[in-house]
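**Q** So here's protein-v8.txt, just compact mmCIF, C-alpha atoms and all ligand atoms:
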```
# COMPACT_ATOMS: atom_id res chain seq x y z
CA MET A 1 27.51 11.27 -18.40
CA ALA A 2 24.48 10.01 -16.51
CA THR A 3 25.31 8.76 -13.05
CA ILE A 4 24.06 5.54 -11.46
CA ASP A 5 21.82 5.73 -8.42
CA LEU A 6 24.08 4.21 -5.79
CA ARG A 7 21.22 3.20 -3.53
CA SER A 8 19.63 1.15 -6.31
CA LEU A 9 22.59 -1.26 -6.30
CA SER A 10 22.59 -4.31 -4.10
CA GLN A 11 25.61 -4.75 -1.87
CA GLU A 12 26.84 -7.49 -4.19
CA GLU A 13 26.49 -5.29 -7.27
CA LEU A 14 28.31 -2.39 -5.64
CA THR A 15 31.11 -4.70 -4.45
CA GLU A 16 31.49 -6.07 -7.98
CA GLN A 17 31.60 -2.62 -9.54
CA LEU A 18 34.21 -1.37 -7.07
CA LYS A 19 36.26 -4.54 -7.49
CA SER A 20 36.36 -4.00 -11.25
CA LYS A 21 37.93 -0.64 -10.49
CA GLY A 22 40.49 -2.19 -8.19
CA TYR A 23 38.93 -1.48 -4.78
CA PRO A 24 38.52 -4.15 -2.10
CA ALA A 25 35.11 -5.43 -0.97
CA PHE A 26 35.17 -3.69 2.41
CA ARG A 27 34.91 -0.30 0.66
CA ALA A 28 31.38 -1.19 -0.46
CA LYS A 29 30.51 -1.97 3.14
CA GLN A 30 31.93 1.35 4.33
CA ILE A 31 29.88 3.23 1.72
CA ARG A 32 26.70 1.47 2.83
CA GLU A 33 27.44 2.42 6.42
CA TRP A 34 27.71 6.10 5.50
CA LEU A 35 24.46 5.99 3.54
CA ASP A 36 22.85 4.25 6.46
CA ARG A 37 23.86 7.13 8.68
CA GLY A 38 22.31 9.58 6.25
CA ILE A 39 25.58 10.82 4.73
CA THR A 40 25.09 11.11 0.97
CA ASP A 41 27.94 13.48 0.07
CA PHE A 42 30.95 11.37 -0.95
CA GLU A 43 33.36 14.06 0.30
CA GLN A 44 32.10 13.47 3.83
CA MET A 45 32.88 9.74 3.69
CA THR A 46 36.16 10.39 5.40
CA ASN A 47 37.39 6.80 5.75
CA LEU A 48 37.50 6.38 1.96
CA PRO A 49 40.65 7.28 0.03
CA LYS A 50 40.46 10.53 -1.86
CA ASP A 51 40.70 8.94 -5.31
CA LEU A 52 37.76 6.65 -4.50
CA ARG A 53 35.69 9.61 -3.34
CA GLN A 54 36.39 11.29 -6.67
CA THR A 55 35.52 8.19 -8.67
CA LEU A 56 32.28 7.84 -6.76
CA ALA A 57 31.33 11.44 -7.46
CA GLU A 58 31.94 10.94 -11.17
CA LEU A 59 30.05 7.69 -11.57
CA TYR A 60 27.33 7.70 -8.96
CA SER A 61 24.67 9.87 -7.41
CA VAL A 62 22.57 9.39 -4.30
CA PRO A 63 19.06 10.70 -4.88
CA GLY A 64 18.10 12.88 -1.99
CA ILE A 65 15.05 12.59 0.16
CA THR A 66 14.12 15.55 2.28
CA ILE A 67 11.66 16.07 5.09
CA VAL A 68 8.96 18.54 4.05
CA ARG A 69 6.80 18.12 7.11
CA LYS A 70 7.11 16.24 10.35
CA LEU A 71 4.43 15.71 12.98
CA VAL A 72 5.15 14.16 16.37
CA SER A 73 2.32 12.71 18.44
CA ALA A 74 2.07 14.17 21.94
CA ILE A 75 0.29 10.98 23.03
CA ASP A 76 2.70 8.23 22.06
CA GLY A 77 5.70 9.72 20.23
CA THR A 78 4.65 8.41 16.81
CA VAL A 79 6.39 10.45 14.11
CA LYS A 80 4.83 11.10 10.73
CA TYR A 81 6.97 12.35 7.86
CA LEU A 82 6.12 13.88 4.54
CA PHE A 83 9.19 13.21 2.39
CA GLN A 84 10.04 14.95 -0.84
CA LEU A 85 11.71 12.92 -3.58
CA ASP A 86 14.14 14.19 -6.18
CA ASP A 87 11.44 15.01 -8.75
CA GLY A 88 9.43 17.00 -6.20
CA GLU A 89 6.81 14.30 -5.53
CA THR A 90 5.95 13.59 -1.92
CA VAL A 91 5.25 10.41 0.06
CA GLU A 92 4.39 9.71 3.68
CA SER A 93 6.00 7.45 6.21
CA VAL A 94 5.25 6.81 9.88
CA LEU A 95 7.62 5.78 12.66
CA MET A 96 6.02 4.00 15.62
CA GLN A 97 7.47 2.82 18.90
CA TYR A 98 6.51 -0.59 20.24
CA LYS A 99 7.81 -2.53 23.20
CA HIS A 100 10.21 -4.44 20.97
CA GLY A 101 11.57 -1.40 19.14
CA TRP A 102 10.80 1.01 16.32
CA SER A 103 8.62 0.06 13.42
CA GLN A 104 8.33 2.09 10.23
CA CYS A 105 5.45 2.21 7.79
CA LEU A 106 6.76 2.85 4.26
CA SER A 107 5.23 4.03 1.00
CA THR A 108 5.79 2.02 -2.18
CA GLN A 109 4.15 4.32 -4.74
CA VAL A 110 3.29 8.00 -5.15
CA GLY A 111 -0.49 7.65 -5.05
CA CYS A 112 -2.30 4.42 -5.92
CA LYS A 113 -4.34 3.04 -8.84
CA MET A 114 -6.63 0.88 -6.76
CA GLY A 115 -9.20 3.52 -5.86
CA CYS A 116 -10.51 2.14 -2.54
CA THR A 117 -13.23 4.55 -1.53
CA PHE A 118 -12.29 4.81 2.17
CA CYS A 119 -8.62 5.59 1.52
CA ALA A 120 -7.04 9.05 1.29
CA THR A 121 -4.26 7.77 -1.00
CA GLY A 122 -6.76 6.17 -3.35
CA LEU A 123 -8.64 9.47 -3.73
CA GLY A 124 -5.62 11.21 -5.23
CA GLY A 125 -5.03 8.69 -8.05
CA PHE A 126 -1.73 7.23 -9.19
CA ILE A 127 1.41 9.16 -10.05
CA ARG A 128 4.38 6.79 -10.15
CA ASN A 129 6.14 3.81 -8.64
CA LEU A 130 8.91 4.29 -6.11
CA SER A 131 12.26 2.65 -6.77
CA ALA A 132 13.76 0.21 -4.29
CA ALA A 133 16.30 2.91 -3.51
CA GLU A 134 13.56 5.37 -2.58
CA MET A 135 12.11 2.81 -0.17
CA ILE A 136 15.51 2.31 1.49
CA ALA A 137 15.97 6.09 1.58
CA GLN A 138 12.79 6.50 3.65
CA ILE A 139 14.30 4.26 6.32
CA GLU A 140 17.66 6.00 6.27
CA ALA A 141 16.11 9.46 6.47
CA ALA A 142 13.86 8.55 9.40
CA GLN A 143 16.62 6.76 11.29
CA GLN A 144 18.89 9.72 10.93
CA ASP A 145 16.28 12.31 11.83
CA ALA A 146 14.88 10.47 14.85
CA GLY A 147 18.23 9.07 15.98
CA VAL A 148 16.79 5.56 16.27
CA ARG A 149 17.32 2.20 14.65
CA VAL A 150 14.28 0.81 12.84
CA SER A 151 13.82 -2.88 13.60
CA SER A 152 10.65 -3.71 11.70
CA ILE A 153 8.97 -2.54 8.52
CA VAL A 154 5.38 -2.54 7.36
CA LEU A 155 4.59 -1.84 3.72
CA MET A 156 1.33 -0.11 4.54
CA GLY A 157 2.00 3.45 3.51
CA MET A 158 0.92 5.02 0.27
CA GLY A 159 0.53 2.71 -2.68
CA GLU A 160 -0.13 -0.94 -3.47
CA PRO A 161 3.13 -2.87 -3.01
CA LEU A 162 2.12 -5.72 -5.31
CA ASP A 163 1.36 -3.24 -8.11
CA ASN A 164 5.06 -2.28 -7.94
CA TYR A 165 6.20 -5.86 -7.69
CA ASP A 166 9.74 -5.80 -9.09
CA GLN A 167 10.96 -2.81 -7.10
CA VAL A 168 9.31 -4.05 -3.91
CA VAL A 169 10.93 -7.48 -4.18
CA ARG A 170 14.25 -5.86 -4.99
CA PHE A 171 13.85 -3.67 -1.90
CA LEU A 172 13.04 -6.72 0.26
CA ARG A 173 16.13 -8.53 -0.99
CA MET A 174 18.25 -5.44 -0.26
CA LEU A 175 16.93 -5.32 3.30
CA GLY A 176 18.11 -8.89 3.83
CA GLU A 177 21.71 -8.05 2.95
CA GLU A 178 24.38 -7.71 5.58
CA GLY A 179 25.49 -4.13 6.16
CA GLY A 180 23.30 -1.20 5.18
CA VAL A 181 19.84 -1.03 6.68
CA HIS A 182 19.60 -4.83 7.19
CA ILE A 183 16.26 -5.92 8.64
CA GLY A 184 15.34 -9.61 8.81
CA MET A 185 12.34 -10.76 6.74
CA ARG A 186 10.59 -12.00 9.84
CA HIS A 187 10.26 -8.35 10.82
CA ILE A 188 8.62 -7.30 7.57
CA SER A 189 4.91 -7.13 6.77
CA LEU A 190 3.52 -6.49 3.33
CA SER A 191 -0.08 -5.39 2.97
CA THR A 192 -2.06 -5.84 -0.24
CA CYS A 193 -5.59 -5.08 -1.37
CA GLY A 194 -5.58 -8.47 -3.13
CA VAL A 195 -3.69 -8.55 -6.43
CA VAL A 196 -4.11 -12.30 -6.78
CA PRO A 197 -1.51 -13.18 -9.48
CA ALA A 198 1.14 -11.24 -7.54
CA ILE A 199 0.32 -13.18 -4.36
CA TYR A 200 1.16 -16.37 -6.28
CA ARG A 201 4.39 -14.83 -7.56
CA LEU A 202 5.35 -13.76 -4.05
CA MET A 203 4.79 -17.30 -2.81
CA GLU A 204 7.47 -18.51 -5.23
CA GLU A 205 10.02 -16.00 -3.96
CA GLN A 206 10.25 -17.78 -0.62
CA ILE A 207 10.61 -14.57 1.33
CA PRO A 208 9.50 -15.28 4.91
CA LEU A 209 7.59 -12.05 5.45
CA THR A 210 4.15 -11.62 6.97
CA LEU A 211 1.43 -11.15 4.38
CA SER A 212 -1.48 -8.88 5.29
CA ILE A 213 -4.61 -8.82 3.20
CA SER A 214 -6.89 -5.78 3.29
CA LEU A 215 -10.23 -7.53 3.37
CA HIS A 216 -12.60 -4.99 4.95
CA ALA A 217 -15.76 -6.89 4.01
CA PRO A 218 -17.42 -10.27 4.53
CA ASN A 219 -18.79 -10.64 0.98
CA ASP A 220 -18.34 -9.51 -2.62
CA GLU A 221 -21.29 -7.17 -2.58
CA ILE A 222 -19.87 -4.97 0.17
CA ARG A 223 -16.25 -5.40 -0.89
CA SER A 224 -16.80 -4.49 -4.54
CA ARG A 225 -18.56 -1.31 -3.51
CA SER A 226 -15.53 0.07 -1.67
CA MET A 227 -12.65 -1.85 -3.30
CA PRO A 228 -12.74 -1.89 -7.11
CA VAL A 229 -9.97 -4.54 -7.12
CA ASN A 230 -12.60 -7.00 -5.88
CA ARG A 231 -14.41 -6.84 -9.22
CA ARG A 232 -11.27 -8.17 -10.88
CA TRP A 233 -10.36 -10.76 -8.24
CA PRO A 234 -13.42 -11.56 -6.11
CA MET A 235 -13.21 -12.89 -2.58
CA ASP A 236 -13.35 -16.59 -3.49
CA GLU A 237 -10.29 -16.22 -5.70
CA LEU A 238 -8.51 -14.08 -3.14
CA LEU A 239 -9.19 -16.46 -0.26
CA ARG A 240 -8.14 -19.43 -2.40
CA ALA A 241 -4.83 -17.64 -3.04
CA CYS A 242 -4.51 -17.05 0.71
CA ARG A 243 -5.09 -20.73 1.49
CA ASP A 244 -2.53 -21.68 -1.15
CA TYR A 245 -0.08 -19.15 0.32
CA ILE A 246 -0.47 -20.64 3.78
CA ALA A 247 -0.07 -24.18 2.43
CA ALA A 248 3.05 -23.22 0.46
CA THR A 249 4.77 -21.14 3.13
CA GLY A 250 3.39 -22.45 6.42
CA ARG A 251 2.95 -18.82 7.42
CA ARG A 252 -0.07 -17.23 9.05
CA ILE A 253 -1.91 -14.52 7.11
CA SER A 254 -3.17 -11.36 8.70
CA PHE A 255 -6.49 -9.91 7.52
CA GLU A 256 -7.06 -6.19 7.93
CA TYR A 257 -10.67 -5.20 8.54
CA ALA A 258 -11.49 -1.50 8.82
CA MET A 259 -14.68 -1.11 10.83
CA ILE A 260 -17.03 1.37 9.15
CA ASP A 261 -20.18 2.35 10.98
CA GLY A 262 -23.27 0.81 9.41
CA VAL A 263 -21.36 -0.59 6.41
CA ASN A 264 -19.51 -3.79 7.38
CA ASP A 265 -19.73 -3.98 11.17
CA SER A 266 -22.82 -5.98 12.21
CA ASP A 267 -22.75 -9.29 14.10
CA ALA A 268 -24.18 -10.94 10.98
CA HIS A 269 -21.22 -9.61 8.97
CA ALA A 270 -18.87 -11.02 11.62
CA ALA A 271 -20.52 -14.45 11.40
CA GLU A 272 -20.32 -14.39 7.60
CA LEU A 273 -16.63 -13.44 7.76
CA ALA A 274 -15.90 -16.20 10.28
CA ASP A 275 -17.52 -18.79 8.00
CA ARG A 276 -15.41 -17.71 5.05
CA LEU A 277 -12.17 -17.81 7.05
CA HIS A 278 -13.05 -21.09 8.75
CA GLY A 279 -10.06 -23.40 9.22
CA MET A 280 -7.49 -20.92 7.97
CA LEU A 281 -4.20 -20.19 9.74
CA CYS A 282 -4.96 -16.51 10.12
CA HIS A 283 -5.50 -13.51 12.33
CA VAL A 284 -8.02 -10.71 11.91
CA ASN A 285 -6.98 -7.17 12.77
CA LEU A 286 -9.95 -4.94 13.44
CA ILE A 287 -9.16 -1.29 12.74
CA PRO A 288 -11.51 1.58 13.58
CA VAL A 289 -11.66 3.34 10.16
CA ASN A 290 -9.96 6.71 9.96
CA ALA A 291 -11.93 9.70 8.81
CA VAL A 292 -10.89 11.05 5.41
CA ALA A 293 -11.63 14.64 4.42
CA GLY A 294 -14.55 14.77 2.01
CA LYS A 295 -15.80 11.29 2.96
CA SER A 296 -18.73 10.63 5.25
CA GLN A 297 -17.46 7.30 6.64
CA ARG A 298 -17.52 7.02 10.43
CA ARG A 299 -15.76 4.51 12.61
CA SER A 300 -17.82 1.90 14.43
CA SER A 301 -18.34 2.40 18.15
CA ARG A 302 -16.09 0.59 20.62
CA GLU A 303 -19.00 -1.58 21.71
CA ARG A 304 -19.75 -2.55 18.11
CA ILE A 305 -16.12 -3.48 17.48
CA ARG A 306 -16.01 -5.49 20.70
CA SER A 307 -19.15 -7.37 19.78
CA PHE A 308 -17.85 -8.07 16.24
CA MET A 309 -14.64 -9.41 17.73
CA ASP A 310 -16.57 -11.63 20.15
CA VAL A 311 -18.52 -13.22 17.30
CA LEU A 312 -15.29 -13.98 15.44
CA GLN A 313 -13.61 -15.41 18.50
CA LYS A 314 -16.57 -17.58 19.44
CA LYS A 315 -16.39 -19.05 15.96
CA GLY A 316 -12.73 -19.86 16.46
CA ILE A 317 -11.18 -16.98 14.49
CA ASN A 318 -8.25 -15.16 16.07
CA ALA A 319 -9.08 -11.46 16.23
CA THR A 320 -7.76 -8.36 17.94
CA VAL A 321 -8.46 -4.64 17.76
CA ARG A 322 -5.49 -2.70 16.47
CA ARG A 323 -4.13 -0.15 18.89
CA THR A 324 -4.37 3.30 17.36
CA LEU A 325 -1.05 5.13 17.36
CA GLY A 326 -0.59 8.80 16.56
CA ALA A 327 -4.30 9.55 16.82
CA ASP A 328 -3.59 13.25 17.27
CA ILE A 329 -1.46 13.52 14.12
CA ASN A 330 -3.75 11.63 11.79
CA ALA A 331 -1.14 8.95 11.38
CA SER A 332 -2.90 6.91 8.70
CA CYS A 333 -1.20 7.37 5.38
CA GLY A 334 -2.31 9.51 2.50
CA GLN A 335 -3.75 12.35 4.50
CA LEU A 336 -0.71 14.58 4.85
CA ARG A 337 0.15 14.53 1.17
CA ARG A 338 -3.45 15.46 0.35
CA GLN A 339 -3.40 18.33 2.82
CA GLN A 340 -0.18 19.59 1.29
CA ASP A 341 -1.59 19.26 -2.26
CA GLN A 342 -4.74 21.10 -1.33
CA GLN A 343 -2.81 23.93 0.27
CA GLY A 344 -0.91 24.25 -2.99
CA GLU A 345 -4.04 24.39 -5.15
N1 LIG B 1 -2.29 -0.80 -0.66
C1 LIG B 1 -2.05 -1.69 0.41
C2 LIG B 1 -1.18 -1.12 1.49
C3 LIG B 1 -1.36 0.32 1.84
S1 LIG B 1 -2.86 0.76 2.63
C4 LIG B 1 -3.37 -2.19 0.98
O1 LIG B 1 -4.40 -1.65 0.63
O2 LIG B 1 -3.33 -3.13 1.75
C5 LIG B 1 -2.55 0.20 4.30
C6 LIG B 1 -3.80 -0.22 5.04
O3 LIG B 1 -4.57 0.93 5.43
C7 LIG B 1 -4.73 -1.11 4.25
O4 LIG B 1 -5.19 -2.17 5.07
C8 LIG B 1 -5.83 -0.16 3.90
O5 LIG B 1 -7.01 -0.84 3.56
C9 LIG B 1 -5.93 0.66 5.17
N2 LIG B 1 -6.66 1.92 5.06
C10 LIG B 1 -6.77 2.75 4.02
N3 LIG B 1 -7.54 3.80 4.32
C11 LIG B 1 -7.94 3.64 5.60
C12 LIG B 1 -8.76 4.39 6.48
N4 LIG B 1 -9.33 5.54 6.12
N5 LIG B 1 -8.93 3.90 7.74
C13 LIG B 1 -8.36 2.74 8.13
N6 LIG B 1 -7.58 1.99 7.34
C14 LIG B 1 -7.37 2.43 6.08
FE1 LIG B 2 -4.38 1.80 -2.65
FE2 LIG B 2 -4.28 0.42 -0.36
FE3 LIG B 2 -5.42 2.85 -0.45
FE4 LIG B 2 -6.62 0.80 -1.64
S1 LIG B 2 -6.21 1.04 0.55
S2 LIG B 2 -6.34 2.84 -2.52
S3 LIG B 2 -4.89 -0.35 -2.39
S4 LIG B 2 -3.29 2.39 -0.78
```
Let me see the file written as structure tokens.
Ligand code: SAH
Ligand code: SF4
**A**
Amino acid sequence: MATIDLRSLSQEELTEQLKSKGYPAFRAKQIREWLDRGITDFEQMTNLPKDLRQTLAELYSVPGITIVRKLVSAIDGTVKYLFQLDDGETVESVLMQYKHGWSQCLSTQVGCKMGCTFCATGLGGFIRNLSAAEMIAQIEAAQQDAGVRVSSIVLMGMGEPLDNYDQVVRFLRMLGEEGGVHIGMRHISLSTCGVVPAIYRLMEEQIPLTLSISLHAPNDEIRSRSMPVNRRWPMDELLRACRDYIAATGRRISFEYAMIDGVNDSDAHAAELADRLHGMLCHVNLIPVNAVAGKSQRRSSRERIRSFMDVLQKKGINATVRRTLGADINASCGQLRRQQDQQGE
């Protein structure tokens, strides 16, 4: 008989299923706590009665996630994992330490369909969606390995979260549950390349997360060249969705802008960007672009980035330069999996 993936059940669903078998609700909570500590073998869940452990083993499985590679930054302690999933596919995840605690960057897909030209994940194409359970498992595995508690999540690893909408929303709802991993929505950021209909759907969910939009360009001409998604939903449509999102949720949007030398980083580009974002409740994150093997893109100089930021600020747009973490371990996502793939070829 096929077993059910235990991690894919919400706390409520698990409680219901155990209740129907005559077990009290607190058993579901105990099981979550074990999973949270990285224990996936029912026999090791020693506070459960023996008959329950047997029932669990018959009906459920807990898909494993194993660490294939792990790099630790000597500069700032950032940890980058390459995780292997049950079917042998691999995804990356990064654990970063901030003043307020540990933040983890998660993957939502193996690969990505969106094909952004500057992105290592995009280069490798799309393989499959991750399940909500596989997203939770990345947190559990990192927490257990590093011996820390993750207090905030960014969905900025491999994949386009809004192209895996149902599983991502399911994952977000699971995070909000008591017990288990439990991270409040105010500590979650979701980054999208701009899948406009899904932004509208997300608005309806009333999940108070922080929405990040990967903009990376001040106009359609530049954006369509590096982000094919822009040909489907051009900037006007995307920015209209952003304004609607802000109006509906009252929440500030964060725009990601990777600074690429000679491509999107002039003062004129900054002025154009500021005009388009005029009056919006938003913040612009300037990110020196990361080099990707086989791509000639170079990051803008510090002076260029500074000057770009000044233009934005003078025009009333909130902007900061993102601090680079894990510079020595190539902490931007998509690179480690590619290296591993290429070694295997
Ligand atoms: N697919 C989503 C989330 C994952 S990508 C998205 O595109 O938003 C996470 C972030 O990394 C995005 O802002 C993406 O544009 C950015 N990114 C991708 N490749 C990069 C690179 N080489 N240098 C800097 N940022 C990059
Ligand atoms: Fe996909 Fe995001 Fe990379 Fe674009 S930047 S290819 S959307 S992961």
**Q** Expressed in Å to a single decimal, how great is the separation between atom CA of A:Leu277 and atom CA of A:Phe308?
**A** 14.5 Å
**Q** Determine, for each residue of stretch 164-235 of chain A having at least one atom at most 6 Å from an atom of stretch 244-267 of chain A, the closest pair of atoms and their separation in Å to one decimal, counting only C-alpha atoms; order by chain and ascending number, as a Markdown table.
**A**
```
| residue | atom | partner | partner_atom | distance |
| --- | --- | --- | --- | --- |
| A:Leu211 | CA | A:Ile253 | CA | 5.5 |
| A:Ser212 | CA | A:Ser254 | CA | 4.5 |
| A:Ile213 | CA | A:Phe255 | CA | 4.8 |
| A:Ser214 | CA | A:Glu256 | CA | 4.7 |
| A:Leu215 | CA | A:Tyr257 | CA | 5.7 |
| A:His216 | CA | A:Tyr257 | CA | 4.1 |
| A:Ala217 | CA | A:Asn264 | CA | 5.9 |
```
**Q** Select from chain A every residue with an atom at most 8 Å from any atom of ligand LIG 2 (chain B), then for each give the shortest pair of atoms and their distance in Å to one decimal, using all atoms listed in the file, rows by chain and rising number, as JSON lines.
**A**
```
{"residue": "A:Gly111", "atom": "CA", "partner": "B:LIG2", "partner_atom": "S4", "distance": 7.3}
{"residue": "A:Cys112", "atom": "CA", "partner": "B:LIG2", "partner_atom": "FE1", "distance": 4.7}
{"residue": "A:Lys113", "atom": "CA", "partner": "B:LIG2", "partner_atom": "FE1", "distance": 6.3}
{"residue": "A:Met114", "atom": "CA", "partner": "B:LIG2", "partner_atom": "S2", "distance": 4.7}
{"residue": "A:Gly115", "atom": "CA", "partner": "B:LIG2", "partner_atom": "S2", "distance": 4.4}
{"residue": "A:Cys116", "atom": "CA", "partner": "B:LIG2", "partner_atom": "FE4", "distance": 4.2}
{"residue": "A:Thr117", "atom": "CA", "partner": "B:LIG2", "partner_atom": "S2", "distance": 7.2}
{"residue": "A:Phe118", "atom": "CA", "partner": "B:LIG2", "partner_atom": "S1", "distance": 7.3}
{"residue": "A:Cys119", "atom": "CA", "partner": "B:LIG2", "partner_atom": "FE3", "distance": 4.7}
{"residue": "A:Ala120", "atom": "CA", "partner": "B:LIG2", "partner_atom": "FE3", "distance": 6.6}
{"residue": "A:Thr121", "atom": "CA", "partner": "B:LIG2", "partner_atom": "FE3", "distance": 5.1}
{"residue": "A:Gly122", "atom": "CA", "partner": "B:LIG2", "partner_atom": "S2", "distance": 3.5}
{"residue": "A:Leu123", "atom": "CA", "partner": "B:LIG2", "partner_atom": "S2", "distance": 7.1}
{"residue": "A:Met156", "atom": "CA", "partner": "B:LIG2", "partner_atom": "FE2", "distance": 7.5}
{"residue": "A:Gly157", "atom": "CA", "partner": "B:LIG2", "partner_atom": "S4", "distance": 6.9}
{"residue": "A:Met158", "atom": "CA", "partner": "B:LIG2", "partner_atom": "S4", "distance": 5.1}
{"residue": "A:Gly159", "atom": "CA", "partner": "B:LIG2", "partner_atom": "S4", "distance": 4.3}
{"residue": "A:Glu160", "atom": "CA", "partner": "B:LIG2", "partner_atom": "S3", "distance": 4.9}
{"residue": "A:Ser191", "atom": "CA", "partner": "B:LIG2", "partner_atom": "FE2", "distance": 7.9}
{"residue": "A:Thr192", "atom": "CA", "partner": "B:LIG2", "partner_atom": "S3", "distance": 6.5}
{"residue": "A:Cys193", "atom": "CA", "partner": "B:LIG2", "partner_atom": "S3", "distance": 4.9}
{"residue": "A:Ser214", "atom": "CA", "partner": "B:LIG2", "partner_atom": "S1", "distance": 7.4}
{"residue": "A:Met227", "atom": "CA", "partner": "B:LIG2", "partner_atom": "FE4", "distance": 6.8}
{"residue": "A:Gly334", "atom": "CA", "partner": "B:LIG2", "partner_atom": "S4", "distance": 7.9}
```
**Q** Calculate how many Å separate atom CA of A:Ser296 from atom CA of A:Asp76, rounding to one decimal.
**A**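 If I compute the distance from atom CA of A:Ser296 to atom CA of A:Asp76, I get 27.3 Å.
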**Q** Taking 5 positions as the minimum chain separation for residues in the same chain, which residues sit within 8 Å of A:Trp233 when counting only C-alpha atoms? Answer as a ChimeraX atom specification.
**A** /A:194-196,238
**Q** Taking into account all atoms listed in the file, which residue in the set A:Ala319, A:Ala271, A:Ala28, A:Met96 is nearest to A:Val154?
**A**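 Of A:Ala319, A:Ala271, A:Ala28, A:Met96, the one nearest A:Val154 is A:Met96, counting all atoms listed in the file.
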**Q** Restricting the calculation to only C-alpha atoms and all ligand atoms: of A:Gln11, A:Thr55, A:Ser226, A:Gln143, which residue gets closest to ligand LIG 1 (chain B)?
**A** A:Ser226
**Q** Could you tell me, as a tab-separated table (two decimals) with C-alpha atoms, keeping the file's coordinate frame, which residues have any atom at most 8 Å from (-9.2, -1.8, 19.0), counting only C-alpha atoms?
**A**
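Below you can see point_3.tsv, which holds the result:
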```
chain	number	residue	atom	x	y	z
A	286	LEU	CA	-9.95	-4.94	13.44
A	287	ILE	CA	-9.16	-1.29	12.74
A	288	PRO	CA	-11.51	1.58	13.58
A	302	ARG	CA	-16.09	0.59	20.62
A	305	ILE	CA	-16.12	-3.48	17.48
A	306	ARG	CA	-16.01	-5.49	20.70
A	320	THR	CA	-7.76	-8.36	17.94
A	321	VAL	CA	-8.46	-4.64	17.76
A	322	ARG	CA	-5.49	-2.70	16.47
A	323	ARG	CA	-4.13	-0.15	18.89
A	324	THR	CA	-4.37	3.30	17.36
```
**Q** Which polymer residues have any atom within 7 Å of an atom of A:Val94, counting all atoms listed in the file, with same-chain residues fewer than 6 positions away left out, as a PDB file with C-alpha atoms, in the frame of the given file?
**A**
```pdb
ATOM      1  CA  VAL A  79       6.390  10.450  14.110  1.00  0.00           C
ATOM      2  CA  LYS A  80       4.830  11.100  10.730  1.00  0.00           C
ATOM      3  CA  TYR A  81       6.970  12.350   7.860  1.00  0.00           C
ATOM      4  CA  GLN A 104       8.330   2.090  10.230  1.00  0.00           C
ATOM      5  CA  CYS A 105       5.450   2.210   7.790  1.00  0.00           C
ATOM      6  CA  ALA A 331      -1.140   8.950  11.380  1.00  0.00           C
TER       7      ALA A 331
END
```
**Q** For each of A:Glu12, A:Asp41, A:Glu33, A:Glu92, take the minimum atom-to-atom distance to ligand LIG 1 (chain B), counting all atoms listed in the file, then give the residue where this is smallest.
**A** A:Glu92
**Q** State, in Å with one decimal place, the distance from atom CA of A:Asp236 to atom CA of A:Glu204.
**A** 21.0 Å
**Q** Pick the closest to ligand LIG 1 (chain B) from A:Gln138, A:Ser10, A:Gln44, A:Thr108: which is it, counting only C-alpha atoms and all ligand atoms?
**A**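 Among A:Gln138, A:Ser10, A:Gln44, A:Thr108, it is A:Thr108 that comes nearest to ligand LIG 1 (chain B).
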